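Novice: So here's structure.txt (compact mmCIF, C-alpha atoms).
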```
# COMPACT_ATOMS: atom_id res chain seq x y z
CA MET W 209 12.29 -36.96 -121.24
CA SER W 210 9.53 -36.75 -123.76
CA GLU W 211 8.93 -39.51 -126.23
CA ARG W 212 10.37 -37.33 -128.98
CA GLU W 213 13.63 -36.79 -127.02
CA LEU W 214 13.95 -40.49 -126.22
CA GLU W 215 13.54 -41.29 -129.88
CA LEU W 216 16.23 -38.76 -130.81
CA MET W 217 18.62 -40.15 -128.17
CA GLN W 218 18.00 -43.61 -129.54
CA ARG W 219 18.87 -42.46 -133.03
CA ILE W 220 22.04 -40.68 -131.86
CA GLU W 221 23.23 -43.80 -130.06
CA ASP W 222 22.47 -45.80 -133.16
CA LEU W 223 24.54 -43.42 -135.26
CA GLU W 224 27.39 -43.48 -132.72
CA ARG W 225 27.51 -47.28 -132.81
CA HIS W 226 27.58 -47.32 -136.57
CA THR W 227 30.26 -44.63 -136.75
CA TRP W 228 32.38 -46.56 -134.30
CA ARG W 229 31.89 -49.76 -136.25
CA ASN W 230 32.80 -48.00 -139.51
CA SER W 231 35.94 -46.56 -137.96
CA ALA W 232 36.93 -50.06 -136.84
CA ILE W 233 36.49 -51.34 -140.38
CA LEU W 234 38.45 -48.42 -141.83
CA ARG W 235 41.28 -49.13 -139.38
CA SER W 236 41.56 -52.70 -140.64
CA VAL W 237 41.35 -51.52 -144.25
CA ALA W 238 44.20 -49.08 -143.55
CA MET W 239 46.31 -51.91 -142.09
CA VAL W 240 45.81 -54.09 -145.13
CA ALA W 241 46.23 -51.18 -147.54
CA PHE W 242 49.49 -49.90 -146.05
CA THR W 243 50.86 -53.42 -145.76
CA SER W 244 50.18 -54.14 -149.43
CA LEU W 245 51.51 -50.71 -150.41
CA ILE W 246 54.82 -51.63 -148.84
CA GLY W 247 54.50 -55.27 -149.87
CA ILE W 248 54.31 -54.42 -153.57
CA VAL W 249 57.65 -52.61 -153.37
CA VAL W 250 59.22 -55.51 -151.50
CA ALA W 251 57.67 -57.99 -153.95
CA SER W 252 59.17 -56.19 -156.91
CA GLY W 253 62.49 -56.36 -155.10
CA VAL W 254 62.15 -60.13 -154.82
CA VAL W 255 61.14 -60.43 -158.48
CA GLY W 256 63.99 -58.15 -159.54
CA GLY W 257 66.55 -60.44 -157.93
CA GLY W 258 67.94 -63.50 -159.62
CA ARG W 259 70.48 -64.32 -162.27
CA GLY W 260 73.01 -61.59 -162.87
CA SER W 261 71.90 -59.36 -160.02
CA HIS W 262 73.59 -59.05 -156.69
CA TRP W 263 70.35 -58.29 -154.94
CA SER W 264 70.43 -59.31 -151.32
CA GLY W 265 67.84 -56.88 -150.01
CA PRO W 266 64.37 -57.43 -148.63
CA ALA W 267 62.83 -60.89 -148.88
CA TRP W 268 59.27 -61.87 -148.07
CA ASN W 269 59.86 -61.83 -144.34
CA THR W 270 60.67 -58.12 -144.68
CA MET W 271 57.24 -57.61 -146.22
CA TRP W 272 55.69 -58.99 -143.05
CA LEU W 273 57.94 -56.79 -140.93
CA TYR W 274 56.95 -53.61 -142.75
CA GLY W 275 53.38 -54.89 -142.55
CA LEU W 276 53.80 -55.11 -138.78
CA PHE W 277 55.00 -51.52 -138.83
CA ALA W 278 51.90 -50.49 -140.78
CA ALA W 279 49.52 -52.39 -138.48
CA ASN W 280 51.15 -51.10 -135.30
CA ALA W 281 51.31 -47.54 -136.64
CA VAL W 282 47.60 -47.59 -137.44
CA SER W 283 46.88 -48.95 -133.95
CA MET W 284 49.12 -46.30 -132.42
CA PHE W 285 47.23 -43.51 -134.13
CA TRP W 286 43.97 -44.91 -132.77
CA THR W 287 45.23 -45.09 -129.19
CA THR W 288 44.72 -42.39 -126.61
CA HIS W 289 46.76 -41.96 -123.45
CA LYS W 290 45.77 -40.35 -120.21
CA GLU W 291 48.46 -38.23 -118.65
CA MET P 157 45.70 -53.40 -111.25
CA PRO P 158 49.01 -55.00 -112.25
CA MET P 159 49.01 -58.74 -112.71
CA LYS P 160 50.10 -60.95 -109.80
CA ILE P 161 53.78 -61.85 -110.08
CA SER P 162 52.97 -65.58 -110.14
CA ASN P 163 50.62 -65.01 -113.07
CA ALA P 164 53.24 -62.92 -114.88
CA ILE P 165 55.78 -65.73 -114.47
CA LEU P 166 53.20 -68.27 -115.64
CA LEU P 167 52.51 -66.19 -118.76
CA LEU P 168 56.22 -65.90 -119.52
CA VAL P 169 56.85 -69.62 -119.02
CA VAL P 170 53.90 -70.62 -121.21
CA CYS P 171 55.04 -68.28 -124.00
CA VAL P 172 58.62 -69.57 -123.82
CA ILE P 173 57.50 -73.23 -123.92
CA CYS P 174 55.16 -72.65 -126.86
CA ALA P 175 57.76 -70.65 -128.81
CA ALA P 176 60.36 -73.36 -128.17
CA PHE P 177 57.86 -75.97 -129.35
CA ASN P 178 57.27 -74.07 -132.59
CA MET P 179 60.99 -73.67 -133.18
CA GLN P 180 61.39 -77.44 -132.66
CA LEU P 181 58.62 -78.00 -135.19
CA PHE P 182 60.46 -75.97 -137.83
CA GLY P 183 63.75 -77.50 -136.70
CA GLY P 184 62.22 -80.92 -137.37
CA LEU P 185 61.69 -79.92 -141.02
CA ASP P 186 65.37 -78.97 -141.21
CA GLU P 187 66.42 -82.29 -139.78
CA MET P 188 64.35 -84.21 -142.33
CA MET P 189 66.64 -82.97 -145.12
CA GLY P 190 69.97 -83.91 -143.59
CA ASP P 191 72.86 -82.98 -145.90
CA GLN P 192 70.69 -83.03 -149.02
CA TYR P 193 68.40 -80.60 -150.81
CA TRP P 194 64.65 -80.95 -150.85
CA VAL P 195 63.75 -80.60 -154.55
CA VAL P 196 60.28 -80.43 -156.09
CA ASP P 197 59.36 -83.83 -157.53
CA GLN P 198 57.92 -82.72 -160.87
CA THR P 199 56.74 -86.20 -161.81
CA GLN P 200 53.99 -86.04 -159.19
CA GLY P 201 50.90 -83.88 -158.93
CA ASP P 202 50.58 -80.73 -161.03
CA HIS P 203 54.24 -80.15 -162.00
CA GLY P 204 55.21 -81.22 -158.51
CA TRP P 205 52.63 -79.18 -156.57
CA TYR P 206 49.39 -80.13 -154.84
CA ALA P 207 46.79 -78.50 -152.56
CA MET P 208 45.95 -75.74 -155.06
CA GLY P 209 49.64 -75.37 -155.87
CA LEU P 210 50.54 -74.41 -152.32
CA LEU P 211 52.43 -77.51 -151.24
CA PRO P 212 55.28 -79.20 -153.10
CA HIS P 213 55.88 -82.92 -153.55
CA VAL P 214 59.47 -82.98 -152.32
CA LYS P 215 62.20 -85.58 -152.60
CA LYS P 216 65.74 -85.55 -151.28
CA MET P 217 68.61 -85.14 -153.75
CA PRO P 218 72.36 -84.88 -153.05
CA LYS P 219 73.69 -81.33 -153.29
CA ASP P 220 76.44 -82.06 -155.84
CA VAL P 221 73.95 -83.79 -158.17
CA VAL P 222 71.61 -80.77 -158.04
CA LYS P 223 74.51 -78.39 -158.59
CA ALA P 224 75.63 -80.33 -161.66
CA LEU P 225 72.10 -80.33 -163.11
CA ASN P 226 71.34 -76.65 -162.44
CA THR P 227 74.65 -75.11 -163.49
CA ASP P 228 75.17 -76.95 -166.79
CA ALA P 229 74.29 -75.40 -170.17
CA ASP P 230 70.95 -77.19 -170.51
CA PRO P 231 68.17 -75.38 -168.57
CA LYS P 232 65.66 -78.15 -169.38
CA ASN P 233 67.08 -80.61 -166.85
CA ASP P 234 67.05 -78.06 -163.98
CA VAL P 235 65.33 -79.05 -160.77
CA VAL P 236 63.49 -76.66 -158.45
CA ILE P 237 65.21 -76.56 -155.06
CA TYR P 238 62.73 -76.16 -152.20
CA ALA P 239 65.03 -75.98 -149.19
CA GLN P 240 68.17 -77.14 -147.48
CA SER P 241 68.73 -77.83 -143.82
CA GLY P 242 68.59 -74.53 -141.91
CA ASP P 243 66.12 -72.76 -144.20
CA PHE P 244 63.18 -73.39 -141.88
CA ALA P 245 64.05 -72.83 -138.22
CA GLY P 246 67.20 -70.73 -138.51
CA LYS P 247 69.07 -72.36 -135.64
CA SER P 248 72.29 -70.51 -136.50
CA VAL P 249 70.58 -67.30 -135.35
CA TYR P 250 68.26 -68.96 -132.83
CA GLY P 251 68.11 -65.90 -130.57
CA ILE P 252 66.60 -63.81 -133.35
CA CYS P 253 64.27 -66.48 -134.75
CA PHE P 254 63.06 -67.41 -131.23
CA GLY P 255 61.96 -63.84 -130.47
CA ILE P 256 59.30 -63.71 -133.16
CA PRO P 257 57.21 -66.74 -132.02
CA LEU P 258 57.72 -65.52 -128.45
CA ILE P 259 56.08 -62.19 -129.31
CA MET P 260 53.41 -64.00 -131.31
CA TYR P 261 52.39 -66.27 -128.43
CA LEU P 262 52.44 -63.33 -126.01
CA ILE P 263 49.94 -61.50 -128.23
CA TRP P 264 47.80 -64.60 -128.70
CA PHE P 265 47.67 -65.58 -125.03
CA ALA P 266 47.77 -62.26 -123.20
CA PHE P 267 46.04 -59.88 -125.57
CA ILE P 268 43.55 -62.16 -127.33
CA ILE P 269 42.70 -64.85 -124.77
CA GLY P 270 43.44 -62.77 -121.68
CA PHE P 271 45.59 -65.50 -120.14
CA PRO P 272 46.08 -66.08 -117.26
CA ASP P 273 43.76 -63.93 -115.13
CA LYS P 274 41.33 -62.29 -117.56
CA VAL P 275 39.98 -65.30 -119.44
CA ASP P 276 36.31 -64.75 -120.24
CA PRO P 277 34.69 -68.20 -120.46
CA TYR P 278 31.81 -66.82 -122.51
CA LEU P 279 34.11 -65.34 -125.17
CA LEU P 280 36.75 -68.10 -125.01
CA PRO P 281 35.35 -70.25 -127.84
CA ARG P 282 35.29 -67.38 -130.33
CA LYS P 283 38.76 -66.26 -129.19
CA ILE P 284 40.12 -69.75 -129.81
CA PHE P 285 38.36 -69.73 -133.16
CA THR P 286 39.97 -66.36 -133.96
CA ILE P 287 43.39 -67.85 -133.24
CA ALA P 288 42.57 -70.84 -135.44
CA VAL P 289 41.67 -68.43 -138.24
CA ILE P 290 44.93 -66.51 -137.65
CA ILE P 291 46.89 -69.76 -137.96
CA GLY P 292 45.02 -70.70 -141.13
CA CYS P 293 45.52 -67.27 -142.70
CA SER P 294 49.22 -67.25 -141.84
CA VAL P 295 49.84 -70.72 -143.27
CA VAL P 296 47.87 -70.18 -146.48
CA ALA P 297 49.20 -66.65 -147.13
CA ASN P 298 52.80 -67.69 -146.58
CA LEU P 299 52.61 -70.89 -148.63
CA PHE P 300 51.11 -68.75 -151.39
CA LEU P 301 53.87 -66.13 -151.11
CA MET P 302 56.55 -68.82 -151.00
CA ARG P 303 55.15 -70.37 -154.17
CA ILE P 304 55.15 -66.97 -155.92
CA ALA P 305 58.67 -66.18 -154.75
CA GLY P 306 59.76 -69.62 -155.96
CA ASP P 307 58.15 -69.16 -159.37
CA PHE P 308 59.78 -65.76 -159.84
CA ALA P 309 63.24 -66.82 -158.64
CA ARG P 310 65.53 -66.80 -161.64
CA ASP P 311 68.71 -68.02 -160.00
CA PRO P 312 68.66 -71.82 -160.61
CA MET P 313 70.45 -72.44 -157.32
CA SER P 314 68.00 -70.40 -155.23
CA ARG P 315 65.99 -72.24 -152.61
CA ILE P 316 62.28 -71.41 -152.29
CA ALA P 317 62.13 -71.51 -148.49
CA ASN P 318 65.10 -69.13 -148.41
CA VAL P 319 64.09 -66.75 -151.22
CA ALA P 320 60.73 -66.32 -149.54
CA GLY P 321 62.34 -65.33 -146.26
CA ASN P 322 65.77 -65.99 -144.86
CA HIS P 323 64.20 -68.53 -142.53
CA ALA P 324 60.67 -69.77 -143.13
CA SER P 325 59.83 -69.71 -139.39
CA LEU P 326 60.09 -65.90 -139.51
CA LEU P 327 57.45 -65.77 -142.22
CA PHE P 328 54.84 -67.84 -140.43
CA HIS P 329 55.29 -66.21 -137.03
CA ASN P 330 55.40 -62.63 -138.33
CA ALA P 331 52.19 -63.29 -140.24
CA GLY P 332 50.75 -64.77 -137.03
CA ILE P 333 51.39 -61.42 -135.33
CA TRP P 334 50.12 -59.38 -138.27
CA PHE P 335 46.84 -61.25 -138.58
CA ALA P 336 46.38 -61.09 -134.79
CA ILE P 337 46.63 -57.29 -134.89
CA LEU P 338 44.32 -57.15 -137.89
CA PHE P 339 41.60 -59.34 -136.37
CA SER P 340 41.86 -57.55 -133.04
CA ALA P 341 41.27 -54.26 -134.84
CA LEU P 342 38.25 -55.82 -136.50
CA GLY P 343 37.01 -57.00 -133.11
CA THR P 344 36.68 -60.56 -134.35
CA HIS P 345 37.59 -62.08 -130.98
CA SER P 346 35.00 -60.07 -129.08
CA HIS P 347 32.36 -59.81 -131.73
CA SER P 348 28.75 -60.38 -130.82
CA PHE P 349 25.43 -60.13 -132.58
CA SER P 350 24.55 -56.80 -131.01
CA GLU P 351 26.99 -54.03 -131.83
CA VAL P 352 29.16 -52.71 -129.01
CA GLN P 353 28.52 -49.43 -127.29
CA ALA P 354 30.54 -46.66 -128.93
CA PRO P 355 32.97 -44.91 -126.57
CA ASP P 356 31.84 -41.48 -125.46
CA SER P 357 33.93 -39.17 -127.58
CA ARG P 358 32.44 -35.87 -126.41
CA LYS P 359 35.38 -35.00 -124.16
CA TRP P 360 38.10 -36.33 -126.42
CA GLN P 361 40.97 -34.06 -127.35
CA THR P 362 43.10 -34.62 -130.39
CA GLN P 363 46.56 -36.03 -129.74
CA ALA P 364 47.43 -36.12 -133.44
CA ASN P 365 50.09 -33.40 -133.32
CA GLU P 366 52.19 -34.94 -130.59
CA LYS P 367 51.74 -38.37 -132.20
CA PHE P 368 53.11 -37.18 -135.54
CA ASN P 369 55.84 -34.92 -134.15
CA TRP P 370 57.29 -37.50 -131.80
CA MET P 371 56.88 -40.39 -134.22
CA PHE P 372 59.02 -38.60 -136.81
CA THR P 373 61.50 -37.51 -134.15
CA LEU P 374 61.88 -41.09 -132.92
CA LEU P 375 62.06 -42.43 -136.48
CA GLY P 376 64.90 -39.98 -137.10
CA ILE P 377 66.68 -41.20 -133.97
CA VAL P 378 66.40 -44.89 -134.91
CA THR P 379 67.52 -44.07 -138.46
CA VAL P 380 70.75 -42.59 -137.10
CA LEU P 381 71.02 -45.52 -134.68
CA GLU P 382 70.62 -48.01 -137.52
CA ILE P 383 73.27 -46.28 -139.65
CA VAL P 384 75.68 -46.36 -136.73
CA LEU P 385 74.94 -50.05 -136.08
CA VAL P 386 75.44 -50.97 -139.75
CA GLN P 387 78.70 -49.05 -139.98
CA ASN P 388 80.04 -50.82 -136.91
CA LYS P 389 78.99 -54.22 -138.29
CA LEU P 390 76.44 -54.69 -135.50
CA ALA P 391 73.53 -55.02 -137.98
CA LEU P 392 72.89 -56.73 -141.30
CA PRO P 393 74.57 -54.76 -144.12
CA ASP P 394 71.42 -54.22 -146.23
CA ALA P 395 69.67 -52.68 -143.18
CA ALA P 396 66.14 -53.46 -144.45
CA VAL P 397 65.29 -56.09 -141.84
CA ASP P 398 66.98 -54.39 -138.89
CA TYR P 399 65.56 -50.99 -139.68
CA SER P 400 62.02 -52.35 -140.03
CA VAL P 401 62.16 -53.82 -136.51
CA TRP P 402 63.41 -50.51 -135.10
CA ILE P 403 60.58 -48.55 -136.70
CA ILE P 404 58.11 -51.14 -135.38
CA TRP P 405 59.67 -50.58 -131.97
CA VAL P 406 59.02 -46.84 -132.30
CA VAL P 407 55.29 -47.13 -132.97
CA ILE P 408 54.74 -49.84 -130.35
CA PHE P 409 56.69 -47.78 -127.82
CA MET P 410 54.48 -44.77 -128.48
CA ARG P 411 51.34 -46.91 -128.26
CA MET P 412 52.38 -48.56 -125.00
CA TYR P 413 54.00 -45.63 -123.17
CA GLY P 414 52.46 -42.49 -124.62
CA PHE P 415 53.23 -39.98 -127.31
CA SER P 416 55.85 -37.64 -125.87
CA PRO P 417 58.42 -37.46 -123.04
CA LYS P 418 55.83 -36.01 -120.68
CA TYR P 419 54.06 -39.41 -120.76
CA TRP P 420 57.26 -41.47 -120.76
CA LEU P 421 58.58 -39.78 -117.61
CA LYS P 422 55.49 -40.96 -115.73
CA ARG P 423 55.95 -44.57 -116.80
CA PRO P 424 59.31 -45.60 -115.31
CA THR P 425 58.18 -49.12 -114.33
CA GLY P 426 57.14 -50.18 -117.81
CA ILE P 427 60.24 -48.71 -119.43
CA ALA P 428 62.43 -50.37 -116.78
CA ILE P 429 60.81 -53.75 -117.52
CA MET P 430 61.59 -53.24 -121.20
CA VAL P 431 65.25 -52.32 -120.65
CA VAL P 432 66.05 -54.75 -117.84
CA GLY P 433 64.22 -57.62 -119.54
CA THR P 434 66.29 -57.11 -122.69
CA LEU P 435 69.52 -56.83 -120.74
CA LEU P 436 68.72 -60.12 -118.99
CA THR P 437 67.64 -61.89 -122.20
CA LEU P 438 70.88 -61.30 -124.14
CA PRO P 439 73.10 -63.23 -121.67
CA VAL P 440 70.60 -66.11 -121.71
CA PHE P 441 71.06 -66.58 -125.45
CA TYR P 442 74.82 -66.00 -125.12
CA MET P 443 74.93 -68.87 -122.62
CA LEU P 444 72.58 -71.00 -124.75
CA GLU P 445 75.02 -70.78 -127.67
CA ARG P 446 77.96 -71.70 -125.42
CA VAL P 447 76.06 -74.64 -123.91
CA THR P 448 74.47 -76.14 -127.04
CA GLY P 449 77.01 -75.11 -129.68
CA THR P 450 74.32 -75.15 -132.39
CA LEU P 451 71.71 -72.58 -131.26
CA GLY P 452 73.30 -69.26 -132.25
CA ALA P 453 72.73 -66.08 -130.28
CA GLY P 454 73.28 -63.64 -133.17
CA PHE P 455 75.94 -61.66 -131.29
CA ALA P 456 79.40 -62.59 -129.97
CA SER P 457 78.68 -65.73 -131.92
CA PRO P 458 81.27 -68.35 -132.89
CA ILE P 459 78.69 -69.73 -135.38
CA LEU P 460 78.49 -66.39 -137.22
CA ALA P 461 82.26 -65.94 -136.97
CA LYS P 462 82.75 -69.30 -138.64
CA ALA P 463 80.18 -68.65 -141.38
CA LEU P 464 80.84 -64.98 -142.16
CA GLY P 465 84.25 -64.19 -140.68
CA ALA P 466 85.29 -62.91 -137.28
CA GLU P 467 84.45 -59.29 -138.11
CA ASN P 468 80.77 -60.26 -138.61
CA GLN P 469 80.26 -62.18 -135.37
CA ASN P 470 78.03 -59.42 -133.90
CA ILE P 471 75.96 -58.87 -137.01
CA GLY P 472 72.68 -59.91 -135.34
CA LEU P 473 73.04 -57.64 -132.31
CA SER P 474 70.69 -54.97 -133.67
CA LEU P 475 67.93 -57.52 -134.27
CA MET P 476 68.46 -59.17 -130.88
CA VAL P 477 68.17 -55.86 -129.03
CA SER P 478 65.20 -54.51 -131.00
CA ILE P 479 63.19 -57.76 -130.99
CA TYR P 480 63.58 -58.29 -127.25
CA LEU P 481 62.88 -54.60 -126.53
CA VAL P 482 59.59 -55.12 -128.38
CA PHE P 483 58.89 -58.37 -126.51
CA TRP P 484 59.52 -56.93 -123.03
CA MET P 485 57.59 -53.79 -123.88
CA GLU P 486 54.56 -55.88 -124.85
CA PHE P 487 55.11 -58.07 -121.81
CA ALA P 488 55.02 -55.01 -119.53
CA THR P 489 51.70 -54.12 -121.14
CA ALA P 490 50.41 -57.68 -120.86
CA ILE P 491 51.04 -57.71 -117.10
CA ARG P 492 49.52 -54.21 -116.93
CA MET P 493 52.61 -52.48 -115.60
CA ASN P 494 53.10 -49.95 -118.40
CA GLY P 495 50.75 -47.30 -117.04
CA PRO P 496 51.58 -44.07 -115.23
CA SER P 497 53.20 -44.63 -111.86
CA LYS P 498 50.48 -43.14 -109.64
CA LYS P 499 47.59 -45.09 -111.13
CA ALA P 500 47.78 -48.16 -113.37
CA VAL P 501 45.77 -47.74 -116.56
CA ALA P 502 44.97 -50.93 -118.43
CA GLN P 503 45.83 -50.50 -122.10
CA LYS P 504 44.00 -52.36 -124.79
CA PHE P 505 46.59 -54.37 -126.74
```
Would you give me this structure, written as structure tokens?

Specialist:
Amino acid sequence: MSERELELMQRIEDLERHTWRNSAILRSVAMVAFTSLIGIVVASGVVGGGRGSHWSGPAWNTMWLYGLFAANAVSMFWTTHKE
Amino acid sequence: MPMKISNAILLLVVCVICAAFNMQLFGGLDEMMGDQYWVVDQTQGDHGWYAMGLLPHVKKMPKDVVKALNTDADPKNDVVIYAQSGDFAGKSVYGICFGIPLIMYLIWFAFIIGFPDKVDPYLLPRKIFTIAVIIGCSVVANLFLMRIAGDFARDPMSRIANVAGNHASLLFHNAGIWFAILFSALGTHSHSFSEVQAPDSRKWQTQANEKFNWMFTLLGIVTVLEIVLVQNKLALPDAAVDYSVWIIWVVIFMRMYGFSPKYWLKRPTGIAIMVVGTLLTLPVFYMLERVTGTLGAGFASPILAKALGAENQNIGLSLMVSIYLVFWMEFATAIRMNGPSKKAVAQKF
């Protein structure tokens, strides 16, 4: 390979690494984002409970559970399977 | 290559011992209260709180005294109830509460550290550090959430450790799993100064359609399943907790065993481990309840029958089945026996 081609290959690999790294960061951002999306709803449920209400629905542990759903779902969508 | 059977047993035993240790730790908090409430001692610290408002100064107070103070006409003399015995470990539904730390330790040991046969001595320090960070994040986040839940609770008889989560052990261990998944996705435990080689994506084909189609199909199936379970009093009546574990089961199942029946059919060993493991786990907890009398199984449970009436004695069955299906599914992956039958493919996480 000529020097020019080697340089181009180098740059492509560099870009690939950075793309991969960015996708990893976006995955984590998605996990946190979806967890808080669900968590806000659950949190308002907790706040809405109290005197005079018969609320017995989600508590904070449910927020973690739906967070686990979000995190696992994001991981699932980033998994590939060979047949 | 699947893991050696001795290593698989070692992994299982270590996870069970560590989970039991954690449950004893939370059980110890329960025992400290005895028959009394832990109330926030507002004469100490900043209105009874210290460590940036995360930890309460607690003192014991008899339940009838607290009830008299908090239900009279004067709201000024109310005390803040932190917990009563049972709010931390959840021994009355031990089978359910035990499953969560069990899954947590499985993820920590097998998927992060690579215990027992894939421990990389070079990466071990940063993996242990990652776990330390997970523990720190879980403790701080949950103490913070418990404080918020306590501050927002308007019922004067509500208990902070219970408002924040039916049993506090569930909070800390679920967060331990959540942060483990998060940091694994970030690559914290394998991070190095030079960036990793990107996988070669030139021959990749999209699997998005089958992922979405079968995820919604399976979610529909577990929705019907959950409705049936609730109507037969085999699940908690509000369905939120039970249903969330079933939908978690769906996405983990698809991640571990593939995205459609054409993958599942080729993975009979992994699916068998999941089903048989669960079927063997339920009798263990059934026997544990009969032997100890205090550690409830969550199904066919005299403890639940006594507390909620005989018709509700199976109310934890849905959680027991779904939690242990998730555990054995992850265990099959941890011992690398979830791959297609002709050739074992090691899955990441």

Novice: I'd like the interatomic distance between CA of Ile429 in chain P and CA of Val482 in chain P, to a tenth of an Å.

Specialist: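 CA of Ile429 in chain P sits 11.0 Å away from CA of Val482 in chain P.
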
Novice: So which one's closest to chain W, P:Pro277, P:Gly495, P:Gly183, P:Gly454? Using all atoms listed in the file, please.

Specialist: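 That would be P:Gly495, the residue with the smallest distance to chain W.
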
Novice: Just the number, please: distance in Å from CA of Glu187 in chain P to CA of Val295 in chain P, one decimal.

Specialist: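 So the two atoms, CA of Glu187 in chain P and CA of Val295 in chain P, lie 20.5 Å apart.
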
Novice: Tell me which protein, DNA and RNA residues are within 8 Å of range 467-474 of chain P, counting only C-alpha atoms, leaving out same-chain ones fewer than 6 positions away, and put them as a ChimeraX atom specification.

Specialist: /P:249,252,382,385,389-392,398,453-461

Novice: Keeping only C-alpha atoms, write the selected residues as an mmCIF file, in the coordinates of the input.

Specialist:
```cif
data_model
loop_
_atom_site.group_PDB
_atom_site.id
_atom_site.type_symbol
_atom_site.label_atom_id
_atom_site.label_comp_id
_atom_site.auth_asym_id
_atom_site.auth_seq_id
_atom_site.Cartn_x
_atom_site.Cartn_y
_atom_site.Cartn_z
ATOM 1 C CA VAL P 249 70.580 -67.300 -135.350
ATOM 2 C CA ILE P 252 66.600 -63.810 -133.350
ATOM 3 C CA GLU P 382 70.620 -48.010 -137.520
ATOM 4 C CA LEU P 385 74.940 -50.050 -136.080
ATOM 5 C CA LYS P 389 78.990 -54.220 -138.290
ATOM 6 C CA LEU P 390 76.440 -54.690 -135.500
ATOM 7 C CA ALA P 391 73.530 -55.020 -137.980
ATOM 8 C CA LEU P 392 72.890 -56.730 -141.300
ATOM 9 C CA ASP P 398 66.980 -54.390 -138.890
ATOM 10 C CA ALA P 453 72.730 -66.080 -130.280
ATOM 11 C CA GLY P 454 73.280 -63.640 -133.170
ATOM 12 C CA PHE P 455 75.940 -61.660 -131.290
ATOM 13 C CA ALA P 456 79.400 -62.590 -129.970
ATOM 14 C CA SER P 457 78.680 -65.730 -131.920
ATOM 15 C CA PRO P 458 81.270 -68.350 -132.890
ATOM 16 C CA ILE P 459 78.690 -69.730 -135.380
ATOM 17 C CA LEU P 460 78.490 -66.390 -137.220
ATOM 18 C CA ALA P 461 82.260 -65.940 -136.970
#
```

Novice: Would you list the contacts of Ala232 in chain W as a PyMOL selection string, taking every protein, DNA or RNA residue within 8 Å and counting all atoms listed in the file, but skipping same-chain residues closer than 3 positions in sequence?

Specialist: (chain W and resi 228-229+235-236) or (chain P and resi 341-343)

Novice: Would you give me, as a PDB file with C-alpha atoms, in the coordinates of the input, the residues of chain W that come within 6 Å of chain P, using all atoms listed in the file?

Specialist:
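part-v6.pdb was written with the following content:
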```
ATOM      1  CA  GLU W 224      27.390 -43.480-132.720  1.00  0.00           C
ATOM      2  CA  ARG W 225      27.510 -47.280-132.810  1.00  0.00           C
ATOM      3  CA  TRP W 228      32.380 -46.560-134.300  1.00  0.00           C
ATOM      4  CA  ALA W 232      36.930 -50.060-136.840  1.00  0.00           C
ATOM      5  CA  SER W 236      41.560 -52.700-140.640  1.00  0.00           C
ATOM      6  CA  VAL W 255      61.140 -60.430-158.480  1.00  0.00           C
ATOM      7  CA  GLY W 258      67.940 -63.500-159.620  1.00  0.00           C
ATOM      8  CA  ARG W 259      70.480 -64.320-162.270  1.00  0.00           C
ATOM      9  CA  GLY W 265      67.840 -56.880-150.010  1.00  0.00           C
ATOM     10  CA  ALA W 267      62.830 -60.890-148.880  1.00  0.00           C
ATOM     11  CA  TRP W 268      59.270 -61.870-148.070  1.00  0.00           C
ATOM     12  CA  ASN W 269      59.860 -61.830-144.340  1.00  0.00           C
ATOM     13  CA  THR W 270      60.670 -58.120-144.680  1.00  0.00           C
ATOM     14  CA  TRP W 272      55.690 -58.990-143.050  1.00  0.00           C
ATOM     15  CA  TYR W 274      56.950 -53.610-142.750  1.00  0.00           C
ATOM     16  CA  LEU W 276      53.800 -55.110-138.780  1.00  0.00           C
ATOM     17  CA  PHE W 277      55.000 -51.520-138.830  1.00  0.00           C
ATOM     18  CA  ALA W 281      51.310 -47.540-136.640  1.00  0.00           C
ATOM     19  CA  MET W 284      49.120 -46.300-132.420  1.00  0.00           C
ATOM     20  CA  HIS W 289      46.760 -41.960-123.450  1.00  0.00           C
TER      21      HIS W 289
END
```

Novice: Would you compute the distance between CA of Leu481 in chain P and CA of Thr434 in chain P? Give it in Å to one decimal.

Specialist: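 Going from CA of Leu481 in chain P over to CA of Thr434 in chain P, I get 5.7 Å.
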
Novice: Rank nothing, just name the residue among P:Met485, P:Ala164, P:Ile479, P:Met443 nearest to Asp273 in chain P, using all atoms listed in the file.

Specialist: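 Ranking P:Met485, P:Ala164, P:Ile479, P:Met443 by distance to Asp273 in chain P, first place goes to P:Ala164.
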
Novice: Do you know which residues are at most 12 Å from Pro281 in chain P counting only C-alpha atoms, after dropping those on the same chain fewer than 3 positions away, and could you put them as a PDB file with C-alpha atoms, in the coordinates of the input?

Specialist:
```
ATOM      1  CA  ILE P 268      43.550 -62.160-127.330  1.00  0.00           C
ATOM      2  CA  ILE P 269      42.700 -64.850-124.770  1.00  0.00           C
ATOM      3  CA  VAL P 275      39.980 -65.300-119.440  1.00  0.00           C
ATOM      4  CA  ASP P 276      36.310 -64.750-120.240  1.00  0.00           C
ATOM      5  CA  PRO P 277      34.690 -68.200-120.460  1.00  0.00           C
ATOM      6  CA  TYR P 278      31.810 -66.820-122.510  1.00  0.00           C
ATOM      7  CA  ILE P 284      40.120 -69.750-129.810  1.00  0.00           C
ATOM      8  CA  PHE P 285      38.360 -69.730-133.160  1.00  0.00           C
ATOM      9  CA  THR P 286      39.970 -66.360-133.960  1.00  0.00           C
ATOM     10  CA  ILE P 287      43.390 -67.850-133.240  1.00  0.00           C
ATOM     11  CA  ALA P 288      42.570 -70.840-135.440  1.00  0.00           C
ATOM     12  CA  THR P 344      36.680 -60.560-134.350  1.00  0.00           C
ATOM     13  CA  HIS P 345      37.590 -62.080-130.980  1.00  0.00           C
ATOM     14  CA  SER P 346      35.000 -60.070-129.080  1.00  0.00           C
ATOM     15  CA  HIS P 347      32.360 -59.810-131.730  1.00  0.00           C
TER      16      HIS P 347
END
```
